[in-house]
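Peer 1: Please read through the structure below; I'll follow up with questions.
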Amino acid sequence: MKGAFEAVKISEHTYWVGAIDWGLRNFHGYTTNRGSTYNAYLIEAEDYILIDTVKAPFYQEFISRISSVTDVRNIRYVISNHSEMDHSGSLPATLMAANPEKVFASEMGVKTLSKHFRLDREVNAVGDNETLEIGGVYLSFLETRMLHWPDSMMTYLVQDKLLFSQDGFGMHLASAERFADEITESILLEEGSKYFANILLPYAALVEKALDRVSSLGVPIDILAPDHGPIWRKDIGKILGLYAQWASQKPTPKAVIAYDTMWGSTKLMAEVIAEGIERGGCSVVVHPLSVSDRSEVMKDSLDAGALIVGTPTINNEMFPTVADFLTYAKGLRPKNKIGAAFGSYGWSGEGAKVASEILSGMKVELISEPIIANYVPDLRTIEKCRELGALVAERLKGVQ
Ligand code: FEO
């Protein structure tokens, strides 16, 4: 029986049967200003094959889209490319409703699904590079362990030259349009780079390997169908090229300054450093952490050659927003950056020193001792900030 929503045909044998989350604004600590989609796909051949499901609260929307093509009970096979709950949350209910003959996942996927759900059925492991002939189509599996979970894999539908790439090549972007070529390019670039910087960055080296593996498959890819955001059916080289560029973390002559302030002193220092960088001929983005979200800062840092962090000292520690940002940034393991720390203090002054140590631990190349100002920066301290900005610019111009 048809419901409120309809499937969208994306290739000869495949329908998009996912859900649009227009209201999502936070994805485990990552601010998703434009919402997201949870993409699931239904292959229609001799049998119906489902690729992934959706986040649990979107089950009805997903089932409604499947029902616009066929009765859910006609699904004979289910493939779980990724166990994270935004794609597996509706799996138990779907298995109850569809009662498929077989469920497939990667070897690690079998383990992670068993730890998420107490499924009363077997999940069959498929091997890396294995090809199955099921339901009248050929499906090849590409294990992409740690992109970005241990269970992650991609599935290639041979007949349609279509790669279901799970989180890879995705972005958090809710849209009425299903295809990337229908969406403004600057939005794709912004949300794609933000997704990469906040989800895939720690595994950038694995992304490079995965790109090599995708090209070494020696098979054409006409459609790239990720689990979030739009589907790529034209100019697939563009998104592959962007991924290669982001994964390389090649620095550009751009600096990011992230800071917070208590009574304006650290703010003043941040702005003088920024002016020094700009006067030195490089671009700079300033993020006051009282209003800038950590995931926005990471997006802007993706291609930046410098990360400069400012914090006042409060109760012998960094300012809480700065500690939050550095904890988050450290986990994402950005590479190839120079940096420095600065900030004001009243009577102890640990804040900027702790920030500097954390940057060093992140393998950011420190180009200056922390610049610290007692209460309010004097002219000598202002001059040091200006000099730091000039030094940052001088070093960054070398990366051009
Ligand atoms: Fe979209 Fe890793 O889940």
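Chain labels run A, B, ... following the order of the structure tokens; each chain numbers its residues from 1, and ligands are numbered from 1 in the order shown.
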With only C-alpha atoms as the counted atoms, please give the residues lying no more than 10 Å from Thr327 in chain A, apart from itself and same-chain residues fewer than 5 positions off, as a list in words.
Peer 2: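 My reading of the contact set: Arg294, Thr321, Val322, Leu332 and Ile358 of chain A.
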Peer 1: Using only N, CA, C and O atoms, please write the residues we just selected to a file, as a PDB file, in the first residue's frame.
Peer 2:
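Heads up, here's the output in again.pdb:
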ATOM      1  N   ARG A 294      32.599  24.543  16.834  1.00  0.00           N
ATOM      2  CA  ARG A 294      33.855  23.803  16.611  1.00  0.00           C
ATOM      3  C   ARG A 294      33.934  23.182  15.212  1.00  0.00           C
ATOM      4  O   ARG A 294      35.001  23.130  14.599  1.00  0.00           O
ATOM      5  N   THR A 321      35.509  27.010  26.331  1.00  0.00           N
ATOM      6  CA  THR A 321      35.217  26.850  24.895  1.00  0.00           C
ATOM      7  C   THR A 321      36.479  26.487  24.118  1.00  0.00           C
ATOM      8  O   THR A 321      36.430  25.755  23.120  1.00  0.00           O
ATOM      9  N   VAL A 322      37.620  27.001  24.580  1.00  0.00           N
ATOM     10  CA  VAL A 322      38.877  26.704  23.886  1.00  0.00           C
ATOM     11  C   VAL A 322      39.294  25.257  24.181  1.00  0.00           C
ATOM     12  O   VAL A 322      39.746  24.527  23.289  1.00  0.00           O
ATOM     13  N   LEU A 332      40.540  14.884  15.683  1.00  0.00           N
ATOM     14  CA  LEU A 332      40.417  14.842  14.217  1.00  0.00           C
ATOM     15  C   LEU A 332      41.776  14.809  13.516  1.00  0.00           C
ATOM     16  O   LEU A 332      41.849  14.631  12.300  1.00  0.00           O
ATOM     17  N   ILE A 358      49.135  21.576  23.827  1.00  0.00           N
ATOM     18  CA  ILE A 358      48.192  20.704  23.097  1.00  0.00           C
ATOM     19  C   ILE A 358      48.460  20.783  21.592  1.00  0.00           C
ATOM     20  O   ILE A 358      48.488  19.762  20.895  1.00  0.00           O
TER      21      ILE A 358
END
Peer 1: Set the distance at 12 Å and use only C-alpha atoms: which residues neighbour Ser368 in chain A once local chain neighbours fewer than 5 positions away are removed? I'd like the list as a PyMOL selection string.
Peer 2: chain A and resi 308-309+338-342+352-353+356-357+359-360+384-385+387-392+395
Peer 1: I'd like the contact shell of range 369-378 of chain A - 6 Å cut-off, only C-alpha atoms, skipping same-chain residues fewer than 2 positions apart - returned as a PyMOL selection string.
Peer 2: chain A and resi 265+341-346+352+380-381
Peer 1: Keeping all heavy atoms for every residue in the selection just given, could you write it to a file as a PDB file, in the first residue's frame?
Peer 2:
ATOM      1  N   SER A 265      40.743  41.254  26.180  1.00  0.00           N
ATOM      2  CA  SER A 265      42.182  41.319  25.899  1.00  0.00           C
ATOM      3  C   SER A 265      42.590  40.283  24.854  1.00  0.00           C
ATOM      4  O   SER A 265      43.322  40.588  23.907  1.00  0.00           O
ATOM      5  CB  SER A 265      42.984  41.085  27.191  1.00  0.00           C
ATOM      6  OG  SER A 265      42.802  42.177  28.060  1.00  0.00           O
ATOM      7  N   ALA A 341      50.084  29.868  20.181  1.00  0.00           N
ATOM      8  CA  ALA A 341      49.004  30.174  21.125  1.00  0.00           C
ATOM      9  C   ALA A 341      49.256  31.538  21.753  1.00  0.00           C
ATOM     10  O   ALA A 341      50.394  32.021  21.797  1.00  0.00           O
ATOM     11  CB  ALA A 341      48.924  29.087  22.193  1.00  0.00           C
ATOM     12  N   PHE A 342      48.197  32.134  22.226  1.00  0.00           N
ATOM     13  CA  PHE A 342      48.304  33.454  22.851  1.00  0.00           C
ATOM     14  C   PHE A 342      47.135  33.630  23.818  1.00  0.00           C
ATOM     15  O   PHE A 342      46.175  32.841  23.787  1.00  0.00           O
ATOM     16  CB  PHE A 342      48.277  34.566  21.787  1.00  0.00           C
ATOM     17  CG  PHE A 342      46.981  34.614  21.010  1.00  0.00           C
ATOM     18  CD1 PHE A 342      45.941  35.468  21.394  1.00  0.00           C
ATOM     19  CD2 PHE A 342      46.780  33.785  19.913  1.00  0.00           C
ATOM     20  CE1 PHE A 342      44.740  35.503  20.692  1.00  0.00           C
ATOM     21  CE2 PHE A 342      45.570  33.796  19.209  1.00  0.00           C
ATOM     22  CZ  PHE A 342      44.561  34.660  19.596  1.00  0.00           C
ATOM     23  N   GLY A 343      47.220  34.659  24.658  1.00  0.00           N
ATOM     24  CA  GLY A 343      46.080  34.946  25.534  1.00  0.00           C
ATOM     25  C   GLY A 343      46.465  35.775  26.736  1.00  0.00           C
ATOM     26  O   GLY A 343      47.648  35.939  27.055  1.00  0.00           O
ATOM     27  N   SER A 344      45.458  36.269  27.415  1.00  0.00           N
ATOM     28  CA  SER A 344      45.694  37.127  28.575  1.00  0.00           C
ATOM     29  C   SER A 344      45.526  36.328  29.862  1.00  0.00           C
ATOM     30  O   SER A 344      44.964  35.236  29.866  1.00  0.00           O
ATOM     31  CB  SER A 344      44.714  38.297  28.563  1.00  0.00           C
ATOM     32  OG  SER A 344      43.417  37.812  28.861  1.00  0.00           O
ATOM     33  N   TYR A 345      46.037  36.895  30.940  1.00  0.00           N
ATOM     34  CA  TYR A 345      45.890  36.264  32.252  1.00  0.00           C
ATOM     35  C   TYR A 345      45.937  37.356  33.324  1.00  0.00           C
ATOM     36  O   TYR A 345      46.321  38.495  33.047  1.00  0.00           O
ATOM     37  CB  TYR A 345      47.003  35.234  32.495  1.00  0.00           C
ATOM     38  CG  TYR A 345      48.352  35.851  32.750  1.00  0.00           C
ATOM     39  CD1 TYR A 345      48.848  35.974  34.060  1.00  0.00           C
ATOM     40  CD2 TYR A 345      49.130  36.352  31.707  1.00  0.00           C
ATOM     41  CE1 TYR A 345      50.078  36.544  34.302  1.00  0.00           C
ATOM     42  CE2 TYR A 345      50.349  36.931  31.946  1.00  0.00           C
ATOM     43  CZ  TYR A 345      50.828  37.021  33.251  1.00  0.00           C
ATOM     44  OH  TYR A 345      52.034  37.617  33.487  1.00  0.00           O
ATOM     45  N   GLY A 346      45.534  36.976  34.538  1.00  0.00           N
ATOM     46  CA  GLY A 346      45.593  37.924  35.644  1.00  0.00           C
ATOM     47  C   GLY A 346      46.752  37.621  36.563  1.00  0.00           C
ATOM     48  O   GLY A 346      47.640  38.440  36.745  1.00  0.00           O
ATOM     49  N   ALA A 352      47.389  29.947  27.861  1.00  0.00           N
ATOM     50  CA  ALA A 352      48.035  29.915  26.540  1.00  0.00           C
ATOM     51  C   ALA A 352      49.136  28.864  26.504  1.00  0.00           C
ATOM     52  O   ALA A 352      49.373  28.244  25.462  1.00  0.00           O
ATOM     53  CB  ALA A 352      48.587  31.290  26.194  1.00  0.00           C
ATOM     54  N   ARG A 380      54.003  46.780  23.873  1.00  0.00           N
ATOM     55  CA  ARG A 380      55.009  45.778  23.496  1.00  0.00           C
ATOM     56  C   ARG A 380      54.322  44.449  23.122  1.00  0.00           C
ATOM     57  O   ARG A 380      54.697  43.792  22.150  1.00  0.00           O
ATOM     58  CB  ARG A 380      55.998  45.587  24.670  1.00  0.00           C
ATOM     59  CG  ARG A 380      57.043  44.522  24.440  1.00  0.00           C
ATOM     60  CD  ARG A 380      58.020  44.887  23.306  1.00  0.00           C
ATOM     61  NE  ARG A 380      58.705  43.703  22.806  1.00  0.00           N
ATOM     62  CZ  ARG A 380      58.672  43.272  21.549  1.00  0.00           C
ATOM     63  NH1 ARG A 380      57.981  43.918  20.631  1.00  0.00           N
ATOM     64  NH2 ARG A 380      59.331  42.204  21.202  1.00  0.00           N
ATOM     65  N   THR A 381      53.299  44.094  23.883  1.00  0.00           N
ATOM     66  CA  THR A 381      52.590  42.833  23.598  1.00  0.00           C
ATOM     67  C   THR A 381      51.808  42.941  22.286  1.00  0.00           C
ATOM     68  O   THR A 381      51.762  41.998  21.494  1.00  0.00           O
ATOM     69  CB  THR A 381      51.636  42.484  24.761  1.00  0.00           C
ATOM     70  OG1 THR A 381      52.377  42.568  25.972  1.00  0.00           O
ATOM     71  CG2 THR A 381      51.073  41.083  24.618  1.00  0.00           C
TER      72      THR A 381
END
Peer 1: Please return, as a ChimeraX atom specification, all residues of range 119-295 of chain A that DSSP assigns to strand (DSSP E or B) on the basis of the backbone.
Peer 2: /A:124-126,131-134,137-143,153-157,162-166,179,223-226,231-232,252-259,283-288
Peer 1: Restricted to C-alpha atoms, what would the selected residues look like written as an mmCIF file, in the first residue's frame?
Peer 2:
data_model
loop_
_atom_site.group_PDB
_atom_site.id
_atom_site.type_symbol
_atom_site.label_atom_id
_atom_site.label_comp_id
_atom_site.auth_asym_id
_atom_site.auth_seq_id
_atom_site.Cartn_x
_atom_site.Cartn_y
_atom_site.Cartn_z
ATOM 1 C CA ASN A 124 26.201 -13.331 6.480
ATOM 2 C CA ALA A 125 29.701 -11.942 6.070
ATOM 3 C CA VAL A 126 30.877 -10.953 2.612
ATOM 4 C CA THR A 131 31.134 -10.638 -5.869
ATOM 5 C CA LEU A 132 27.724 -12.174 -5.280
ATOM 6 C CA GLU A 133 25.167 -12.972 -7.921
ATOM 7 C CA ILE A 134 21.863 -12.439 -6.162
ATOM 8 C CA VAL A 137 22.346 -8.748 -10.420
ATOM 9 C CA TYR A 138 26.027 -8.860 -9.565
ATOM 10 C CA LEU A 139 27.121 -7.046 -6.416
ATOM 11 C CA SER A 140 30.813 -6.559 -5.576
ATOM 12 C CA PHE A 141 31.956 -5.562 -2.088
ATOM 13 C CA LEU A 142 34.821 -3.290 -1.191
ATOM 14 C CA GLU A 143 35.837 -3.322 2.455
ATOM 15 C CA MET A 153 32.150 -1.246 3.211
ATOM 16 C CA MET A 154 30.974 -0.128 -0.212
ATOM 17 C CA THR A 155 28.862 -2.123 -2.661
ATOM 18 C CA TYR A 156 29.136 -1.915 -6.450
ATOM 19 C CA LEU A 157 26.119 -2.788 -8.586
ATOM 20 C CA LEU A 162 26.705 2.255 -9.429
ATOM 21 C CA LEU A 163 28.809 2.455 -6.256
ATOM 22 C CA PHE A 164 26.885 2.589 -2.953
ATOM 23 C CA SER A 165 29.603 4.370 -0.999
ATOM 24 C CA GLN A 166 27.977 4.618 2.483
ATOM 25 C CA PHE A 179 21.277 14.733 -7.416
ATOM 26 C CA ILE A 223 26.704 6.831 -10.262
ATOM 27 C CA LEU A 224 28.097 7.423 -6.803
ATOM 28 C CA ALA A 225 25.382 6.915 -4.207
ATOM 29 C CA PRO A 226 26.434 7.866 -0.656
ATOM 30 C CA ILE A 231 23.813 11.402 -5.391
ATOM 31 C CA TRP A 232 26.532 11.990 -7.989
ATOM 32 C CA THR A 252 47.360 26.868 1.563
ATOM 33 C CA PRO A 253 48.317 30.468 2.468
ATOM 34 C CA LYS A 254 45.416 30.800 4.859
ATOM 35 C CA ALA A 255 45.326 30.957 8.650
ATOM 36 C CA VAL A 256 42.561 30.211 11.114
ATOM 37 C CA ILE A 257 42.495 31.961 14.474
ATOM 38 C CA ALA A 258 40.221 30.356 17.085
ATOM 39 C CA TYR A 259 39.923 32.144 20.403
ATOM 40 C CA SER A 283 44.088 35.168 4.101
ATOM 41 C CA VAL A 284 42.799 34.676 7.611
ATOM 42 C CA VAL A 285 39.537 33.546 9.179
ATOM 43 C CA VAL A 286 38.862 34.548 12.779
ATOM 44 C CA HIS A 287 36.566 32.367 14.872
ATOM 45 C CA PRO A 288 35.439 33.716 18.265
#
Peer 1: Got a sec: who's within 9 Å of range 6-17 of chain A, counting only C-alpha atoms, leaving out chain neighbours fewer than 5 positions off, as a list in words?
Peer 2: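 Skipping anything fewer than 5 positions along the chain leaves Asn39, Ala40, Tyr41, Leu42, Ile43, Glu44, Ala45, Thr53, Glu61, Phe62, Ile63, Ser64, Arg65, Ile66, Ser67, Ser68, Val69, Gln159, Asp160, Leu162, Arg178, Phe179, Ile223, Ile231 and Arg233 of chain A.
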Peer 1: Using only C-alpha atoms and all ligand atoms, what are the residues with an atom within 12 Å of ligand 1, set out as a PyMOL selection string?
Peer 2: chain A and resi 27-28+36-40+52-55+80-89+144-153+165-173+195-196+198-200+226-229
Peer 1: For Asp303 in chain A, which of A:Trp347, A:Phe325, A:Trp246, A:Trp263 is the closest residue, counting only C-alpha atoms?
Peer 2: A:Trp246
Peer 1: Would you mind telling me which residue in A:Ser175, A:Val219, A:Met362, A:Ile273 lies nearest to Pro202 in chain A when using only C-alpha atoms?
Peer 2: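 Nearest candidate to Pro202 in chain A out of A:Ser175, A:Val219, A:Met362, A:Ile273: A:Met362.
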Peer 1: Please determine, counting only C-alpha atoms, which residue among A:Arg73, A:Lys102, A:Lys111, A:Lys194 has the shortest atom-to-atom distance to Val297 in chain A.
Peer 2: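 Ranked by minimum distance to Val297 in chain A, first place goes to A:Lys194.
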